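Chemist: Input file: protein_7.csv. Contents: CSV, C-alpha atoms.
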chain,number,residue,atom,x,y,z
A,99,SER,CA,-25.7,-11.4,-21.1
A,100,ALA,CA,-27.5,-13.4,-18.4
A,101,GLY,CA,-26.0,-16.6,-19.7
A,102,ARG,CA,-22.5,-15.3,-19.4
A,103,ALA,CA,-23.1,-14.0,-15.8
A,104,ALA,CA,-24.5,-17.4,-14.8
A,105,ALA,CA,-21.5,-19.2,-16.3
A,106,GLU,CA,-19.1,-16.8,-14.5
A,107,ALA,CA,-20.9,-17.4,-11.2
A,108,ASN,CA,-20.9,-21.2,-11.7
A,109,SER,CA,-17.1,-21.2,-12.1
A,110,PHE,CA,-16.9,-20.1,-8.4
A,111,VAL,CA,-19.1,-22.8,-7.0
A,112,GLY,CA,-17.2,-25.2,-4.7
A,113,THR,CA,-15.2,-25.4,-1.5
A,114,TRP,CA,-12.1,-23.2,-1.2
A,115,HIS,CA,-9.3,-23.2,1.3
A,116,GLY,CA,-6.8,-20.3,1.9
A,117,THR,CA,-4.2,-19.0,4.3
A,118,VAL,CA,-3.1,-15.5,5.0
A,119,MET,CA,-0.7,-13.9,7.5
A,120,LEU,CA,-2.3,-11.2,9.6
A,121,HIS,CA,-0.1,-9.4,12.2
A,122,GLY,CA,2.3,-12.3,12.2
A,123,GLN,CA,-0.4,-14.9,12.8
A,124,ALA,CA,-1.6,-17.4,10.2
A,125,MET,CA,-5.3,-17.2,9.5
A,126,TYR,CA,-6.9,-20.2,7.8
A,127,SER,CA,-10.1,-19.7,5.8
A,128,SER,CA,-12.6,-22.2,4.4
A,129,LEU,CA,-15.1,-20.7,1.9
A,130,VAL,CA,-18.0,-22.7,0.6
A,131,LEU,CA,-19.8,-21.1,-2.4
A,132,GLU,CA,-23.0,-23.1,-3.1
A,133,GLY,CA,-24.8,-23.1,-6.5
A,134,ASN,CA,-27.9,-21.7,-4.9
A,135,GLY,CA,-26.1,-18.4,-4.1
A,136,ARG,CA,-25.5,-19.2,-0.4
A,137,PHE,CA,-22.0,-19.1,1.3
A,138,ASN,CA,-20.4,-20.3,4.5
A,139,GLU,CA,-17.0,-18.9,5.6
A,140,LEU,CA,-15.1,-20.3,8.5
A,141,ASP,CA,-11.9,-18.5,9.6
A,142,ARG,CA,-9.5,-19.8,12.2
A,143,SER,CA,-6.4,-18.2,13.8
A,144,GLY,CA,-5.0,-20.1,16.8
A,145,SER,CA,-7.8,-20.7,19.2
A,146,LEU,CA,-10.0,-18.0,17.7
A,147,MET,CA,-12.7,-18.9,15.1
A,148,THR,CA,-15.4,-16.9,13.3
A,149,GLU,CA,-18.2,-18.1,11.0
A,150,GLU,CA,-20.2,-16.1,8.5
A,151,THR,CA,-23.1,-17.2,6.3
A,152,GLY,CA,-25.2,-15.4,3.7
A,153,GLU,CA,-25.6,-14.7,0.0
A,154,TRP,CA,-22.9,-14.5,-2.6
A,155,ARG,CA,-22.8,-13.2,-6.1
A,156,VAL,CA,-20.3,-12.3,-8.9
A,157,ILE,CA,-20.5,-9.1,-10.9
A,158,ARG,CA,-17.8,-8.3,-13.5
A,159,GLY,CA,-15.2,-10.4,-11.7
A,160,MET,CA,-16.0,-9.0,-8.3
A,161,LEU,CA,-17.1,-11.4,-5.6
A,162,TYR,CA,-19.6,-10.0,-3.1
A,163,LEU,CA,-20.3,-11.8,0.2
A,164,ASN,CA,-23.4,-10.4,2.0
A,165,VAL,CA,-23.4,-11.6,5.6
A,166,GLU,CA,-26.7,-12.6,7.1
A,167,ASP,CA,-25.6,-14.5,10.2
A,168,TRP,CA,-22.3,-14.8,12.1
A,169,GLN,CA,-20.7,-16.4,15.1
A,170,PRO,CA,-19.7,-15.6,17.7
A,171,LYS,CA,-22.1,-12.8,18.5
A,172,GLN,CA,-20.3,-11.8,21.7
A,173,GLU,CA,-16.8,-11.9,23.2
A,174,CYS,CA,-16.4,-12.5,26.9
A,175,LEU,CA,-13.2,-11.7,28.8
A,176,PRO,CA,-12.8,-12.4,32.5
A,177,ALA,CA,-11.6,-8.8,33.4
A,178,THR,CA,-14.2,-6.9,31.4
A,179,GLY,CA,-17.2,-9.2,30.9
A,180,CYS,CA,-19.0,-9.7,27.6
A,181,VAL,CA,-19.4,-7.3,24.7
A,182,GLN,CA,-21.6,-7.7,21.6
A,183,ILE,CA,-20.0,-8.4,18.2
A,184,LEU,CA,-21.8,-6.4,15.6
A,185,LYS,CA,-22.7,-7.8,12.2
A,186,PRO,CA,-19.7,-8.0,10.0
A,187,PRO,CA,-19.9,-5.7,6.9
A,188,GLY,CA,-19.4,-8.6,4.4
A,189,SER,CA,-16.7,-8.7,1.8
A,190,LEU,CA,-16.0,-7.4,-1.7
A,191,TYR,CA,-13.1,-9.1,-3.5
A,192,ARG,CA,-11.4,-8.3,-6.8
A,193,VAL,CA,-10.7,-11.8,-8.1
A,194,THR,CA,-7.8,-12.9,-10.3
A,195,TRP,CA,-7.9,-16.5,-11.6
A,196,LEU,CA,-4.4,-18.1,-11.3
A,197,SER,CA,-5.7,-21.4,-12.6
A,198,SER,CA,-9.1,-23.2,-12.8
A,199,ASN,CA,-8.8,-24.1,-9.1
A,200,VAL,CA,-6.8,-21.2,-7.6
A,201,ILE,CA,-8.1,-17.6,-7.1
A,202,ARG,CA,-6.4,-14.6,-5.7
A,203,CYS,CA,-8.8,-12.3,-3.9
A,204,GLN,CA,-8.0,-8.7,-3.2
A,205,ASP,CA,-10.1,-7.2,-0.4
A,206,VAL,CA,-11.3,-4.0,-2.0
A,207,ASN,CA,-12.4,-2.4,1.4
A,208,LEU,CA,-9.7,-3.6,3.8
A,209,GLY,CA,-6.8,-4.2,1.4
A,210,GLY,CA,-4.7,-7.3,1.4
A,211,TYR,CA,-5.0,-10.5,-0.5
A,212,ILE,CA,-5.9,-14.1,0.2
A,213,THR,CA,-5.3,-17.0,-2.2
A,214,TYR,CA,-7.9,-19.7,-2.3
A,215,GLN,CA,-7.5,-23.2,-3.7
A,216,ARG,CA,-10.5,-25.3,-4.6
A,217,VAL,CA,-10.5,-28.6,-2.7
Would you give me this structure, written as structure tokens?

Modeler:
Amino acid sequence: SAGRAAAEANSFVGTWHGTVMLHGQAMYSSLVLEGNGRFNELDRSGSLMTEETGEWRVIRGMLYLNVEDWQPKQECLPATGCVQILKPPGSLYRVTWLSSNVIRCQDVNLGGYITYQRV
């Protein structure tokens, strides 16, 4: 029902922090899911940082992040110059609740997991 879907989505609202190891580097992620269906995700690994914003929704335990804007939009290297960074595809996560403030997200498209804790 619509009420059940709204209650499920509301349980995701908040600020979530997570860490995952990618190719031997720690990546730190901050994911803000707003009650109005907007999200902001900020990922950092060393001196590199990306930011994505857009709409989010939950359908049957799956968390969808639809990217509308992102930063950076180009990468510049001294030897090769600048190249455009295309719009990220967004994310689709299969979510497992480990507690009321901890979720484990499995990336359906890319594989791998990230565990987020609500802060």

Chemist: Please compute the atom CA of Asp205 of chain A-atom CA of Asn134 of chain A distance, one decimal, in Å.

Modeler: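 Computing it gives 23.4 Å between the two atoms.
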
Chemist: For atom CA of Ser128 of chain A and atom CA of Gly116 of chain A, quote the distance in Å rounded to one decimal.

Modeler: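 Separation of atom CA of Ser128 of chain A and atom CA of Gly116 of chain A: 6.6 Å.
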
Chemist: Which is closest to Leu161 of chain A among A:Tyr191, A:Tyr214, A:Tyr126, A:Trp114, if we use all atoms listed in the file?

Modeler: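 So, comparing all the options, the nearest one is A:Tyr191.
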
Chemist: Closest to Glu139 of chain A among A:Gln169, A:Ser127, A:Thr213, A:Ser197, using all atoms listed in the file?

Modeler: A:Ser127

Chemist: Suppose you want the space between atom CA of Ser198 of chain A and atom CA of His115 of chain A; what is it in Å?

Modeler: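 Taking atom CA of Ser198 of chain A and atom CA of His115 of chain A, their separation equals 14.1 Å.
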
Chemist: Can you work out which one of A:Tyr211, A:Tyr162, A:Cys203, A:Gly152 has the shortest atom-to-atom distance to Lys185 of chain A, counting only C-alpha atoms?

Modeler: A:Gly152

Chemist: Could you tell me which of A:Met125, A:Leu190, A:Leu208, A:Val156 comes closest to Leu140 of chain A if we count all atoms listed in the file?

Modeler: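 Answer, going by the shortest atom-to-atom distance: A:Met125.
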
Chemist: Between A:Met119, A:Val193, A:Met147, A:Ala177, which residue has the minimum interatomic distance to Val206 of chain A, considering all atoms listed in the file?

Modeler: A:Val193

Chemist: I need every residue sitting at most 7 Å from the point (-16.7, -25.2, -1.6) (coordinates as in the file, all atoms listed in the file considered), written as a list in words.

Modeler: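 The residues that fall inside the cut-off are Val111, Gly112, Thr113, Trp114, Leu129, Val130, Leu131, Glu132 and Arg216 of chain A.
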
Chemist: Restricting the calculation to only C-alpha atoms, which member of A:Ile183, A:Ile201, A:Leu175, A:Met160 is positioned closest to Thr148 of chain A?

Modeler: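 Going through A:Ile183, A:Ile201, A:Leu175, A:Met160 one by one, the smallest distance to Thr148 of chain A is for A:Ile183.
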